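Data first, discussion second: the structure below is written as structure tokens.
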Amino acid sequence: MEDNNFAGNAKGMVDFLGKEWNFDCLGCAITKREVQIPGGIIYDGKNAILGADPEIPIPGFLIINVKRHIRSFSQLDKEERNEIGNLIVYAERALKELKLVEEVTLVQEERSKHLHIWIFPNHHWMTEKFGKGITYLREISEYAKKNSNEEEIQKVLDTIEKIKTYFKEHNINE
């Protein structure tokens with residue numbers, strides 16, 4: 001049974017820049033460019049796209065969106081697994097080498113109707129305010145949405161540009 005209250009299954013959203021989007025599947029809409037990710041696409045490969053989370057304004061919060069409409073890692077073919085694995089490695093390296101964070105959390109839930117992977121940055125303020133662990137990701141996300149302002153949004157957009165530059169300087173397929 002599909003959980004339509006789950007974020008990945010919604011039929012619309014308002015991104016962190018205030019733009020409203022409607023779609024049947026967010027992952028497919030991003031792949032088809034029917035939804036524009038704030039800050040733009042960081043990486044556009046054969047099988048996956050990397051960009052900032054469109055709803056939650058946290059610097060370095062990245063989403064890997066698989067281009068094919070599937071729900072689970074187990075449905076990935078070898079080529080997709082290789083590209084996504086490399087993408088995870090380089091996204092994590094970018095966050096750490098750019099000194100944006102020291103740790104990340106990777107998340108993928110099959111409740112979403114389109115496979116995507118969160119690369120969630122663990123900023124010091126999150127641990128100070130909420131503690132450590134995946135238990136707090138929803139609370140952190142809600143806090144970031146409710147407490148965003150122009151300065152925070154600009155930090156997110158600046159971080160996206162830094163990560164884009166990192167990806168231009170590194171070939172993830174090597």
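Residue names in the structure tokens use chain letters A, B, ... in the order shown, residue numbers from 1 in each chain, and ligand numbers from 1 in the order shown.
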
Mind running stretch 10-70 of chain A against stretch 112-119 of chain A at 8 Å and telling me each contacting residue's nearest atom pair with the distance in Å (one decimal), counting only C-alpha atoms, chain and number ascending, as a Markdown table?
```
| residue | atom | partner | partner_atom | distance |
| --- | --- | --- | --- | --- |
| A:Cys25 | CA | A:His114 | CA | 7.2 |
| A:Leu26 | CA | A:His114 | CA | 7.7 |
| A:Gly27 | CA | A:His114 | CA | 5.7 |
| A:Cys28 | CA | A:His114 | CA | 7.6 |
| A:Phe61 | CA | A:Ile119 | CA | 6.0 |
| A:Leu62 | CA | A:Ile119 | CA | 5.0 |
| A:Ile63 | CA | A:Trp118 | CA | 4.8 |
| A:Ile64 | CA | A:Ile117 | CA | 5.0 |
| A:Asn65 | CA | A:His116 | CA | 4.5 |
| A:Val66 | CA | A:Leu115 | CA | 5.9 |
| A:His69 | CA | A:His114 | CA | 5.7 |
| A:Ile70 | CA | A:His114 | CA | 5.5 |
```

Quiz item: Which polymer residues have any atom within 6 Å of an atom of stretch 149-165 of chain A, counting only C-alpha atoms, with same-chain residues fewer than 2 positions away left out, as number ranges by chain?
Solution: A: 39, 42, 59, 167-168

Output C-alpha atoms for every residue in the selection just made, as a compact mmCIF listing (two decimals), in the first residue's frame.
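Done, and the output landed in out14.txt:
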```txt
# COMPACT_ATOMS: atom_id res chain seq x y z
CA GLY A 39 20.85 25.64 -7.27
CA ILE A 42 25.43 19.11 -9.52
CA PRO A 59 24.01 23.23 3.31
CA PHE A 167 32.65 17.65 -9.35
CA LYS A 168 34.01 19.56 -12.37
```

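For the residues A:Asn122, A:Gly133, A:Glu20, A:Gln75, ranking by smallest atom-to-atom distance to A:Glu110 using only C-alpha atoms places A:Gln75 first.
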
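Nearest residue to A:Pro54, choosing from A:Gly12, A:Asp24, A:Asp77, A:Phe130 and counting only C-alpha atoms: A:Gly12.
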
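Checking A:Glu83, A:Glu128, A:Glu92, A:Asp15 one by one against A:Asp44, counting only C-alpha atoms, you find the shortest gap at A:Glu83.
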
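Of the residues listed (A:Gln108, A:Ala144, A:Asp53, A:Lys96), A:Gln108 shows the shortest atom-to-atom separation from A:Ser74; distances use only C-alpha atoms.
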
Self-check item: Residue list (helix (DSSP H, G or I), DSSP) for stretch 3-173 of chain A, as a VMD selection string
Solution: chain A and resid 7 to 9 26 to 31 73 to 75 78 to 97 124 to 130 134 to 146 150 to 169

File of the preceding selection, C-alpha atoms, as a PDB file, in the first residue's frame:
```
ATOM      1  CA  ALA A   7       7.330  12.956   1.367  1.00  0.00           C
ATOM      2  CA  GLY A   8       8.557  10.934  -1.617  1.00  0.00           C
ATOM      3  CA  ASN A   9       4.985  10.094  -2.621  1.00  0.00           C
ATOM      4  CA  LEU A  26       9.108  13.776  -7.981  1.00  0.00           C
ATOM      5  CA  GLY A  27      12.001  11.549  -9.078  1.00  0.00           C
ATOM      6  CA  CYS A  28      10.660  11.268 -12.620  1.00  0.00           C
ATOM      7  CA  ALA A  29       9.844  14.999 -12.719  1.00  0.00           C
ATOM      8  CA  ILE A  30      13.442  15.855 -11.757  1.00  0.00           C
ATOM      9  CA  THR A  31      14.814  13.440 -14.367  1.00  0.00           C
ATOM     10  CA  PHE A  73      18.609  -0.921  -4.520  1.00  0.00           C
ATOM     11  CA  SER A  74      17.836  -4.539  -5.350  1.00  0.00           C
ATOM     12  CA  GLN A  75      16.368  -3.395  -8.684  1.00  0.00           C
ATOM     13  CA  LYS A  78      25.418  -3.456 -12.318  1.00  0.00           C
ATOM     14  CA  GLU A  79      26.043  -0.276 -14.334  1.00  0.00           C
ATOM     15  CA  GLU A  80      23.616   1.707 -12.141  1.00  0.00           C
ATOM     16  CA  ARG A  81      25.180   0.315  -8.943  1.00  0.00           C
ATOM     17  CA  ASN A  82      28.661   1.291 -10.125  1.00  0.00           C
ATOM     18  CA  GLU A  83      27.683   4.835 -11.051  1.00  0.00           C
ATOM     19  CA  ILE A  84      25.655   5.382  -7.877  1.00  0.00           C
ATOM     20  CA  GLY A  85      28.417   3.905  -5.726  1.00  0.00           C
ATOM     21  CA  ASN A  86      30.964   6.260  -7.296  1.00  0.00           C
ATOM     22  CA  LEU A  87      28.534   9.151  -6.903  1.00  0.00           C
ATOM     23  CA  ILE A  88      28.112   8.432  -3.186  1.00  0.00           C
ATOM     24  CA  VAL A  89      31.897   8.276  -2.724  1.00  0.00           C
ATOM     25  CA  TYR A  90      32.544  11.572  -4.539  1.00  0.00           C
ATOM     26  CA  ALA A  91      29.640  13.402  -2.912  1.00  0.00           C
ATOM     27  CA  GLU A  92      30.859  12.348   0.528  1.00  0.00           C
ATOM     28  CA  ARG A  93      34.441  13.275  -0.371  1.00  0.00           C
ATOM     29  CA  ALA A  94      33.303  16.687  -1.610  1.00  0.00           C
ATOM     30  CA  LEU A  95      31.488  17.419   1.648  1.00  0.00           C
ATOM     31  CA  LYS A  96      34.495  16.368   3.720  1.00  0.00           C
ATOM     32  CA  GLU A  97      37.333  17.773   1.573  1.00  0.00           C
ATOM     33  CA  HIS A 124      27.743  20.387  14.596  1.00  0.00           C
ATOM     34  CA  TRP A 125      24.591  22.420  15.325  1.00  0.00           C
ATOM     35  CA  MET A 126      22.473  19.335  14.648  1.00  0.00           C
ATOM     36  CA  THR A 127      24.249  17.266  17.288  1.00  0.00           C
ATOM     37  CA  GLU A 128      24.167  20.151  19.774  1.00  0.00           C
ATOM     38  CA  LYS A 129      20.457  20.779  19.261  1.00  0.00           C
ATOM     39  CA  PHE A 130      19.097  17.270  18.583  1.00  0.00           C
ATOM     40  CA  ILE A 134      18.900   8.878  12.229  1.00  0.00           C
ATOM     41  CA  THR A 135      16.178   9.230  14.858  1.00  0.00           C
ATOM     42  CA  TYR A 136      16.605  12.994  14.612  1.00  0.00           C
ATOM     43  CA  LEU A 137      16.652  13.465  10.826  1.00  0.00           C
ATOM     44  CA  ARG A 138      12.963  14.340  10.575  1.00  0.00           C
ATOM     45  CA  GLU A 139      13.196  16.821  13.464  1.00  0.00           C
ATOM     46  CA  ILE A 140      16.325  18.409  11.986  1.00  0.00           C
ATOM     47  CA  SER A 141      14.642  18.682   8.588  1.00  0.00           C
ATOM     48  CA  GLU A 142      11.537  20.323  10.043  1.00  0.00           C
ATOM     49  CA  TYR A 143      13.670  22.710  12.082  1.00  0.00           C
ATOM     50  CA  ALA A 144      15.670  23.713   8.991  1.00  0.00           C
ATOM     51  CA  LYS A 145      12.482  24.358   6.992  1.00  0.00           C
ATOM     52  CA  LYS A 146      10.844  26.428   9.738  1.00  0.00           C
ATOM     53  CA  GLU A 150      17.691  34.432   3.184  1.00  0.00           C
ATOM     54  CA  GLU A 151      21.129  34.022   4.756  1.00  0.00           C
ATOM     55  CA  GLU A 152      20.659  30.271   5.307  1.00  0.00           C
ATOM     56  CA  ILE A 153      19.282  29.782   1.797  1.00  0.00           C
ATOM     57  CA  GLN A 154      22.278  31.654   0.371  1.00  0.00           C
ATOM     58  CA  LYS A 155      24.595  29.318   2.336  1.00  0.00           C
ATOM     59  CA  VAL A 156      22.834  26.351   0.717  1.00  0.00           C
ATOM     60  CA  LEU A 157      23.194  27.863  -2.763  1.00  0.00           C
ATOM     61  CA  ASP A 158      26.868  28.748  -2.139  1.00  0.00           C
ATOM     62  CA  THR A 159      27.519  25.194  -0.953  1.00  0.00           C
ATOM     63  CA  ILE A 160      25.930  23.811  -4.127  1.00  0.00           C
ATOM     64  CA  GLU A 161      28.307  25.941  -6.216  1.00  0.00           C
ATOM     65  CA  LYS A 162      31.317  24.671  -4.250  1.00  0.00           C
ATOM     66  CA  ILE A 163      30.222  21.067  -4.773  1.00  0.00           C
ATOM     67  CA  LYS A 164      29.606  21.700  -8.502  1.00  0.00           C
ATOM     68  CA  THR A 165      33.170  23.003  -8.782  1.00  0.00           C
ATOM     69  CA  TYR A 166      34.471  19.953  -6.923  1.00  0.00           C
ATOM     70  CA  PHE A 167      32.650  17.649  -9.351  1.00  0.00           C
ATOM     71  CA  LYS A 168      34.007  19.561 -12.371  1.00  0.00           C
ATOM     72  CA  GLU A 169      37.526  19.041 -11.001  1.00  0.00           C
TER      73      GLU A 169
END
```

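Minimum atom-to-atom distances from A:Thr105, A:Asn173, A:Ser72, A:Gln36 to A:Glu55 were compared using only C-alpha atoms, and the lowest value belongs to A:Gln36.
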
Residues flagged strand (DSSP E) by DSSP in stretch 27-150 of chain A, as a tab-separated table (two decimals) with N, CA and C atoms, in the first residue's frame:
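Output file out_5.tsv follows:
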```
chain	number	residue	atom	x	y	z
A	43	TYR	N	25.46	16.96	-10.63
A	43	TYR	CA	25.99	15.90	-11.48
A	43	TYR	C	24.83	15.30	-12.24
A	44	ASP	N	25.01	15.12	-13.54
A	44	ASP	CA	23.99	14.49	-14.39
A	44	ASP	C	24.66	13.37	-15.16
A	48	ALA	N	21.93	8.53	-12.97
A	48	ALA	CA	21.57	9.25	-11.75
A	48	ALA	C	21.87	10.74	-11.86
A	49	ILE	N	21.19	11.49	-11.02
A	49	ILE	CA	21.35	12.94	-10.90
A	49	ILE	C	21.66	13.24	-9.44
A	50	LEU	N	22.55	14.20	-9.22
A	50	LEU	CA	22.85	14.65	-7.87
A	50	LEU	C	22.49	16.13	-7.78
A	51	GLY	N	21.77	16.48	-6.72
A	51	GLY	CA	21.43	17.87	-6.46
A	51	GLY	C	21.13	18.05	-4.99
A	52	ALA	N	20.87	19.28	-4.62
A	52	ALA	CA	20.48	19.57	-3.24
A	52	ALA	C	19.06	19.06	-3.01
A	62	LEU	N	22.38	16.53	0.17
A	62	LEU	CA	22.33	16.12	-1.23
A	62	LEU	C	21.41	14.94	-1.43
A	63	ILE	N	20.85	14.88	-2.63
A	63	ILE	CA	19.98	13.77	-3.01
A	63	ILE	C	20.50	13.17	-4.30
A	64	ILE	N	20.67	11.86	-4.30
A	64	ILE	CA	20.94	11.13	-5.54
A	64	ILE	C	19.60	10.62	-6.02
A	65	ASN	N	19.22	11.03	-7.21
A	65	ASN	CA	17.96	10.61	-7.81
A	65	ASN	C	18.30	9.64	-8.95
A	66	VAL	N	17.82	8.42	-8.84
A	66	VAL	CA	18.03	7.43	-9.89
A	66	VAL	C	17.11	7.76	-11.05
A	104	VAL	N	28.58	12.07	7.44
A	104	VAL	CA	27.31	12.10	6.73
A	104	VAL	C	26.50	10.87	7.12
A	105	THR	N	25.21	10.93	6.84
A	105	THR	CA	24.31	9.80	7.02
A	105	THR	C	23.68	9.51	5.67
A	106	LEU	N	23.73	8.26	5.25
A	106	LEU	CA	23.08	7.84	4.00
A	106	LEU	C	21.74	7.20	4.34
A	107	VAL	N	20.69	7.58	3.59
A	107	VAL	CA	19.35	7.06	3.85
A	107	VAL	C	18.67	6.73	2.54
A	116	HIS	N	15.67	7.15	-4.39
A	116	HIS	CA	16.58	8.26	-4.19
A	116	HIS	C	17.33	8.01	-2.89
A	117	ILE	N	18.50	8.61	-2.81
A	117	ILE	CA	19.37	8.39	-1.66
A	117	ILE	C	19.71	9.74	-1.04
A	118	TRP	N	19.47	9.85	0.26
A	118	TRP	CA	19.85	11.06	0.98
A	118	TRP	C	21.31	10.95	1.37
A	119	ILE	N	22.05	12.00	1.12
A	119	ILE	CA	23.38	12.16	1.70
A	119	ILE	C	23.22	13.34	2.65
A	120	PHE	N	22.97	13.00	3.90
A	120	PHE	CA	22.59	13.98	4.90
A	120	PHE	C	23.83	14.42	5.67
A	121	PRO	N	24.18	15.71	5.61
A	121	PRO	CA	25.36	16.20	6.32
A	121	PRO	C	25.09	16.30	7.82
```
